[in-house]
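Only one structure is covered here, and it is reproduced in the block below.
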Amino acid sequence: MIKVNRGQKPKTASNSPSTYSGGVTIKSPQELDSMRRAGGIVGVVLDLLKAAVAPGMTTLDLDKIAYKEITRQGAKPTFMGYQGFPASICTSVNEEIVHGIPGKRVLLEGDIVKVDVGATIEGFIGDAAVSIPVGTVSSEAVALMDHTRFSLEEGIKAAQPGGRVGDIGAAVQAYGESRGYGVVREFVGHGVGRFLHEDPQVPNYGQAGMGPLLRVGMCIAIEPMFNMGDWHTKILDDEWTVITADGKLSSHFEHTIAITEDGPEILTVHG
């Protein structure tokens with residue numbers, strides 16, 4: 001799930017064993033193990049959802065699959081009840097970018113559906129998202145999804161210890177804009193750990209060498225959102241679902257990563 005640029009900072013637990021530096025949590029080795037377990041559950045759920053998506057399903061069907069697997073593994077759906085969100089996962093179709101609420105909407109041949117999954121176990125959170133084709137989709141939709149996913153890989157490569165958050169945004173932005181896509185600005189990635197939204201914010205745009213320092217032990221969610229048109233967005237009347245302002249297709253991919261001495265480690269691995 002995405003943090004809004006203007007979003008308020010999360011509260012921090014006074015009894016948390018994490019250390020804090022300028023509002024950024026640095027995870028201990030034991031806490032990173034819990035983050036890996038949470039991320040592993042998210043990865044399994046995303047694999048199940050990718051295999052399940054088919055024309056004729058509803059977005060609520062996907063939510064039920066995710067809830068069953070998350071709870072089967074002894075975890076909790078992180079998004080359920082978060083600031084009033086009413087479901088286990090986010091399901092956003094076509095021009096919907098993020099935060100779509102699962103419901104009666106039927107997936108049709110040619111749609112693309114973005115699923116965003118969070119799981120909490122042992123007090124720590126994994127958060128990741130993928131864009132999934134429904135049946136056979138247009139070549140333009142395939143390219144949009146592929147390039148969004150490739151940009152996530154570029155952003156992760158840029159997340160090196162001793163670097164800056166701006167390195168990540170610059171890599172994602174350069175990749176997307178060089179291919180003609182609108183790179184969403186109003187919604188950004190974020191730190192993650194005991195809380196879904198921790199510092200720092202991780203925009204998908206920016207200047208290399210700028211922003212907070214990337215330190216060993218930080219965990220962040222990197223989540224590029226590319227639009228077929230421009231980058232502007234609108235929020236629907238449900239006060240959750242974000243759509244492209246021009247009604248064109250959007251794609252979203254996300255991983256939670258840890259900054260380690262050897263470079264970025266993906267915690268939400270899936271097939």
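A note on labels: chains of the structure tokens are A, B, ... as shown, every chain counts residues from 1, and ligands are counted from 1 in their shown order.
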Per-residue DSSP, stretch 17-112 of chain A, filtered to alpha helix (DSSP H), as a VMD selection string: chain A and resid 29 to 52 59 to 72
Test item: residues at most 8 Å from A:Ile112, only C-alpha atoms, excluding those fewer than 2 positions along its chain, as a count of residues only: 10
Please identify all polymer residues within 8 Å of stretch 34-50 of chain A, counting only C-alpha atoms, omitting same-chain residues fewer than 3 positions from it, and present them as an mmCIF file with N, CA and C atoms, in the first residue's frame.
data_model
loop_
_atom_site.group_PDB
_atom_site.id
_atom_site.type_symbol
_atom_site.label_atom_id
_atom_site.label_comp_id
_atom_site.auth_asym_id
_atom_site.auth_seq_id
_atom_site.Cartn_x
_atom_site.Cartn_y
_atom_site.Cartn_z
ATOM 1 N N GLN A 30 17.390 -9.919 14.139
ATOM 2 C CA GLN A 30 16.212 -10.688 14.508
ATOM 3 C C GLN A 30 14.955 -10.087 13.877
ATOM 4 N N GLU A 31 14.882 -8.766 13.848
ATOM 5 C CA GLU A 31 13.734 -8.116 13.235
ATOM 6 C C GLU A 31 13.710 -8.332 11.723
ATOM 7 N N VAL A 53 -6.170 -15.391 -11.241
ATOM 8 C CA VAL A 53 -6.862 -14.360 -12.028
ATOM 9 C C VAL A 53 -7.329 -14.925 -13.366
ATOM 10 N N LEU A 62 -10.740 -12.477 -5.352
ATOM 11 C CA LEU A 62 -9.309 -12.370 -5.100
ATOM 12 C C LEU A 62 -9.034 -12.055 -3.632
ATOM 13 N N ILE A 65 -9.306 -15.208 -1.548
ATOM 14 C CA ILE A 65 -8.137 -16.076 -1.701
ATOM 15 C C ILE A 65 -6.994 -15.561 -0.827
ATOM 16 N N ALA A 66 -6.766 -14.259 -0.883
ATOM 17 C CA ALA A 66 -5.670 -13.670 -0.119
ATOM 18 C C ALA A 66 -5.910 -13.813 1.382
ATOM 19 N N GLU A 69 -5.245 -17.416 2.644
ATOM 20 C CA GLU A 69 -3.842 -17.829 2.708
ATOM 21 C C GLU A 69 -3.076 -17.063 3.785
ATOM 22 N N ILE A 70 -3.321 -15.773 3.904
ATOM 23 C CA ILE A 70 -2.625 -14.988 4.931
ATOM 24 C C ILE A 70 -2.920 -15.547 6.315
ATOM 25 N N GLN A 73 -1.456 -19.004 7.225
ATOM 26 C CA GLN A 73 -0.046 -18.979 7.617
ATOM 27 C C GLN A 73 0.189 -18.292 8.964
ATOM 28 N N ALA A 75 -0.689 -15.253 9.887
ATOM 29 C CA ALA A 75 -0.475 -13.810 9.797
ATOM 30 C C ALA A 75 -1.818 -13.077 9.738
ATOM 31 N N VAL A 115 -2.895 -5.957 -7.859
ATOM 32 C CA VAL A 115 -3.189 -6.447 -6.513
ATOM 33 C C VAL A 115 -2.040 -6.066 -5.595
ATOM 34 N N VAL A 117 -0.731 -6.431 -1.630
ATOM 35 C CA VAL A 117 -0.918 -7.338 -0.503
ATOM 36 C C VAL A 117 -0.005 -6.943 0.647
ATOM 37 N N GLY A 118 -0.548 -6.935 1.848
ATOM 38 C CA GLY A 118 0.246 -6.744 3.058
ATOM 39 C C GLY A 118 -0.057 -7.842 4.048
ATOM 40 N N ALA A 119 0.970 -8.337 4.737
ATOM 41 C CA ALA A 119 0.797 -9.357 5.768
ATOM 42 C C ALA A 119 1.643 -8.994 6.976
ATOM 43 N N THR A 120 1.074 -9.195 8.152
ATOM 44 C CA THR A 120 1.764 -8.894 9.404
ATOM 45 C C THR A 120 1.934 -10.173 10.206
ATOM 46 N N ILE A 121 3.174 -10.470 10.606
ATOM 47 C CA ILE A 121 3.441 -11.623 11.466
ATOM 48 C C ILE A 121 4.583 -11.253 12.400
ATOM 49 N N GLU A 122 4.495 -11.718 13.631
ATOM 50 C CA GLU A 122 5.514 -11.410 14.653
ATOM 51 C C GLU A 122 5.705 -9.901 14.791
ATOM 52 N N GLY A 123 4.662 -9.134 14.495
ATOM 53 C CA GLY A 123 4.701 -7.686 14.655
ATOM 54 C C GLY A 123 5.334 -6.937 13.509
ATOM 55 N N PHE A 124 5.699 -7.631 12.405
ATOM 56 C CA PHE A 124 6.351 -6.973 11.277
ATOM 57 C C PHE A 124 5.583 -7.223 9.985
ATOM 58 N N ILE A 125 5.813 -6.334 9.024
ATOM 59 C CA ILE A 125 4.956 -6.244 7.842
ATOM 60 C C ILE A 125 5.736 -6.467 6.564
ATOM 61 N N GLY A 126 5.143 -7.222 5.651
ATOM 62 C CA GLY A 126 5.600 -7.308 4.270
ATOM 63 C C GLY A 126 4.555 -6.661 3.377
ATOM 64 N N ASP A 127 4.998 -6.003 2.308
ATOM 65 C CA ASP A 127 4.094 -5.226 1.463
ATOM 66 C C ASP A 127 4.606 -5.307 0.028
ATOM 67 N N ALA A 128 3.768 -5.790 -0.900
ATOM 68 C CA ALA A 128 4.195 -5.887 -2.295
ATOM 69 C C ALA A 128 2.974 -5.883 -3.203
ATOM 70 N N ALA A 129 3.211 -5.591 -4.477
ATOM 71 C CA ALA A 129 2.124 -5.507 -5.449
ATOM 72 C C ALA A 129 2.595 -5.964 -6.818
ATOM 73 N N VAL A 130 1.642 -6.461 -7.605
ATOM 74 C CA VAL A 130 1.907 -6.826 -8.993
ATOM 75 C C VAL A 130 0.734 -6.382 -9.853
ATOM 76 N N ILE A 132 -1.467 -7.764 -13.102
ATOM 77 C CA ILE A 132 -1.745 -9.082 -13.677
ATOM 78 C C ILE A 132 -2.666 -8.924 -14.885
ATOM 79 N N GLY A 193 7.972 -1.649 8.443
ATOM 80 C CA GLY A 193 8.525 -2.459 9.522
ATOM 81 C C GLY A 193 7.423 -2.856 10.480
ATOM 82 N N THR A 256 9.013 -5.025 -1.008
ATOM 83 C CA THR A 256 9.686 -4.580 0.209
ATOM 84 C C THR A 256 11.115 -5.091 0.164
ATOM 85 N N LEU A 267 12.610 -8.811 0.071
ATOM 86 C CA LEU A 267 11.990 -9.603 1.133
ATOM 87 C C LEU A 267 10.682 -10.241 0.694
ATOM 88 N N THR A 268 10.077 -9.722 -0.364
ATOM 89 C CA THR A 268 8.757 -10.187 -0.822
ATOM 90 C C THR A 268 8.902 -10.952 -2.140
ATOM 91 N N VAL A 269 9.806 -11.907 -2.160
ATOM 92 C CA VAL A 269 10.097 -12.641 -3.392
ATOM 93 C C VAL A 269 8.886 -13.466 -3.807
ATOM 94 N N HIS A 270 8.606 -13.472 -5.099
ATOM 95 C CA HIS A 270 7.562 -14.334 -5.668
ATOM 96 C C HIS A 270 7.970 -14.707 -7.089
ATOM 97 N N GLY A 271 7.271 -15.669 -7.649
ATOM 98 C CA GLY A 271 7.639 -16.187 -8.970
ATOM 99 C C GLY A 271 7.390 -15.219 -10.108
#
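Our summary of the geometry notes that atom CA of A:Asp238 is positioned 22.4 Å from atom CA of A:Phe226.
Each of A:Glu95, A:Lys157, A:Leu196, A:Val165 was compared to A:Asn227 using only C-alpha atoms, and A:Glu95 turns out to be the nearest.
From atom CA of A:Phe187 back to atom CA of A:Tyr67, the distance works out to 25.2 Å.
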DSSP strand (DSSP E or B) selection over stretch 104-213 of chain A, as an NGL selection string: :A and (106 or 112-121 or 124-133 or 164 or 182-183 or 187-191 or 198-202 or 213)
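Using only C-alpha atoms, the smallest distance between any of A:Lys76, A:Lys64, A:Lys234, A:His255 and A:Gly155 comes from A:His255.
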Can you tell me which residues surround A:Glu140 at a distance of at most 10 Å, considering only C-alpha atoms, apart from same-chain residues fewer than 6 positions away, and format the answer as a tab-separated table (two decimals) with N, CA and C atoms, in the first residue's frame?
chain	number	residue	atom	x	y	z
A	146	ASP	N	5.30	-4.60	-18.33
A	146	ASP	CA	6.70	-5.01	-18.37
A	146	ASP	C	7.63	-3.87	-17.97
A	228	MET	N	-0.27	5.14	-18.80
A	228	MET	CA	-0.15	5.21	-20.24
A	228	MET	C	-0.18	6.66	-20.72
A	249	LEU	N	-4.78	3.65	-18.99
A	249	LEU	CA	-4.30	2.53	-18.20
A	249	LEU	C	-3.15	2.91	-17.27
Long-range neighbours of A:Trp231 as number ranges by chain, 7 Å cut-off, only C-alpha atoms, 6 positions minimum in chain: A: 182-185
What would the file look like if the residues just selected were written as an mmCIF file, in the first residue's frame with C-alpha atoms?
data_model
loop_
_atom_site.group_PDB
_atom_site.id
_atom_site.type_symbol
_atom_site.label_atom_id
_atom_site.label_comp_id
_atom_site.auth_asym_id
_atom_site.auth_seq_id
_atom_site.Cartn_x
_atom_site.Cartn_y
_atom_site.Cartn_z
ATOM 1 C CA GLY A 182 3.601 9.209 -16.900
ATOM 2 C CA VAL A 183 5.334 8.532 -13.571
ATOM 3 C CA VAL A 184 2.865 9.089 -10.723
ATOM 4 C CA ARG A 185 3.997 11.707 -8.223
#
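By only C-alpha atoms, and with residues fewer than 3 positions from A:Asn204 along its chain excluded, the set lying at most 9 Å from it is Gly155, Gly166, Ile168, Gly169, Ala170, Ala171, Val172, Gln173, Val183, Val184, Arg185, Phe187, Val188, Gly189, Ile222, Glu223, Pro224 and Met225 of chain A.
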Can you write out the residues you just picked, keeping N, CA and C atoms, as a PDB file, in the first residue's frame?
ATOM      1  N   GLY A 155      14.998   0.527  -9.764  1.00  0.00           N
ATOM      2  CA  GLY A 155      14.942   1.206  -8.477  1.00  0.00           C
ATOM      3  C   GLY A 155      15.615   0.410  -7.379  1.00  0.00           C
ATOM      4  N   GLY A 166      16.994   9.570  -3.164  1.00  0.00           N
ATOM      5  CA  GLY A 166      16.849  10.172  -4.487  1.00  0.00           C
ATOM      6  C   GLY A 166      17.421   9.324  -5.607  1.00  0.00           C
ATOM      7  N   ILE A 168      16.985   6.181  -5.958  1.00  0.00           N
ATOM      8  CA  ILE A 168      15.920   5.260  -6.346  1.00  0.00           C
ATOM      9  C   ILE A 168      14.923   5.965  -7.265  1.00  0.00           C
ATOM     10  N   GLY A 169      14.431   7.109  -6.809  1.00  0.00           N
ATOM     11  CA  GLY A 169      13.461   7.846  -7.606  1.00  0.00           C
ATOM     12  C   GLY A 169      14.002   8.265  -8.958  1.00  0.00           C
ATOM     13  N   ALA A 170      15.260   8.683  -8.977  1.00  0.00           N
ATOM     14  CA  ALA A 170      15.868   9.104 -10.241  1.00  0.00           C
ATOM     15  C   ALA A 170      15.933   7.943 -11.228  1.00  0.00           C
ATOM     16  N   ALA A 171      16.264   6.741 -10.726  1.00  0.00           N
ATOM     17  CA  ALA A 171      16.349   5.574 -11.602  1.00  0.00           C
ATOM     18  C   ALA A 171      14.983   5.200 -12.167  1.00  0.00           C
ATOM     19  N   VAL A 172      13.959   5.202 -11.315  1.00  0.00           N
ATOM     20  CA  VAL A 172      12.609   4.854 -11.769  1.00  0.00           C
ATOM     21  C   VAL A 172      12.091   5.897 -12.757  1.00  0.00           C
ATOM     22  N   GLN A 173      12.250   7.156 -12.414  1.00  0.00           N
ATOM     23  CA  GLN A 173      11.760   8.232 -13.271  1.00  0.00           C
ATOM     24  C   GLN A 173      12.423   8.214 -14.642  1.00  0.00           C
ATOM     25  N   VAL A 183       4.885   9.109 -14.840  1.00  0.00           N
ATOM     26  CA  VAL A 183       5.334   8.532 -13.571  1.00  0.00           C
ATOM     27  C   VAL A 183       4.585   9.242 -12.441  1.00  0.00           C
ATOM     28  N   VAL A 184       3.737   8.501 -11.748  1.00  0.00           N
ATOM     29  CA  VAL A 184       2.865   9.089 -10.723  1.00  0.00           C
ATOM     30  C   VAL A 184       3.693   9.757  -9.633  1.00  0.00           C
ATOM     31  N   ARG A 185       3.276  10.932  -9.224  1.00  0.00           N
ATOM     32  CA  ARG A 185       3.997  11.707  -8.223  1.00  0.00           C
ATOM     33  C   ARG A 185       3.241  11.860  -6.903  1.00  0.00           C
ATOM     34  N   PHE A 187       1.614   9.823  -5.134  1.00  0.00           N
ATOM     35  CA  PHE A 187       1.686   8.669  -4.241  1.00  0.00           C
ATOM     36  C   PHE A 187       3.086   8.077  -4.341  1.00  0.00           C
ATOM     37  N   VAL A 188       3.620   7.634  -3.202  1.00  0.00           N
ATOM     38  CA  VAL A 188       5.035   7.273  -3.137  1.00  0.00           C
ATOM     39  C   VAL A 188       5.232   6.005  -2.322  1.00  0.00           C
ATOM     40  N   GLY A 189       6.421   5.413  -2.446  1.00  0.00           N
ATOM     41  CA  GLY A 189       6.810   4.321  -1.584  1.00  0.00           C
ATOM     42  C   GLY A 189       7.149   4.827  -0.192  1.00  0.00           C
ATOM     43  N   ILE A 222       9.505  -0.079  -2.377  1.00  0.00           N
ATOM     44  CA  ILE A 222       9.675   0.660  -3.631  1.00  0.00           C
ATOM     45  C   ILE A 222       8.524   0.259  -4.535  1.00  0.00           C
ATOM     46  N   GLU A 223       7.785   1.229  -5.089  1.00  0.00           N
ATOM     47  CA  GLU A 223       6.572   0.861  -5.831  1.00  0.00           C
ATOM     48  C   GLU A 223       6.254   1.831  -6.971  1.00  0.00           C
ATOM     49  N   PRO A 224       6.904   1.637  -8.108  1.00  0.00           N
ATOM     50  CA  PRO A 224       6.607   2.495  -9.251  1.00  0.00           C
ATOM     51  C   PRO A 224       5.185   2.313  -9.767  1.00  0.00           C
ATOM     52  N   MET A 225       4.588   3.424 -10.181  1.00  0.00           N
ATOM     53  CA  MET A 225       3.276   3.457 -10.830  1.00  0.00           C
ATOM     54  C   MET A 225       3.430   4.216 -12.132  1.00  0.00           C
TER      55      MET A 225
END
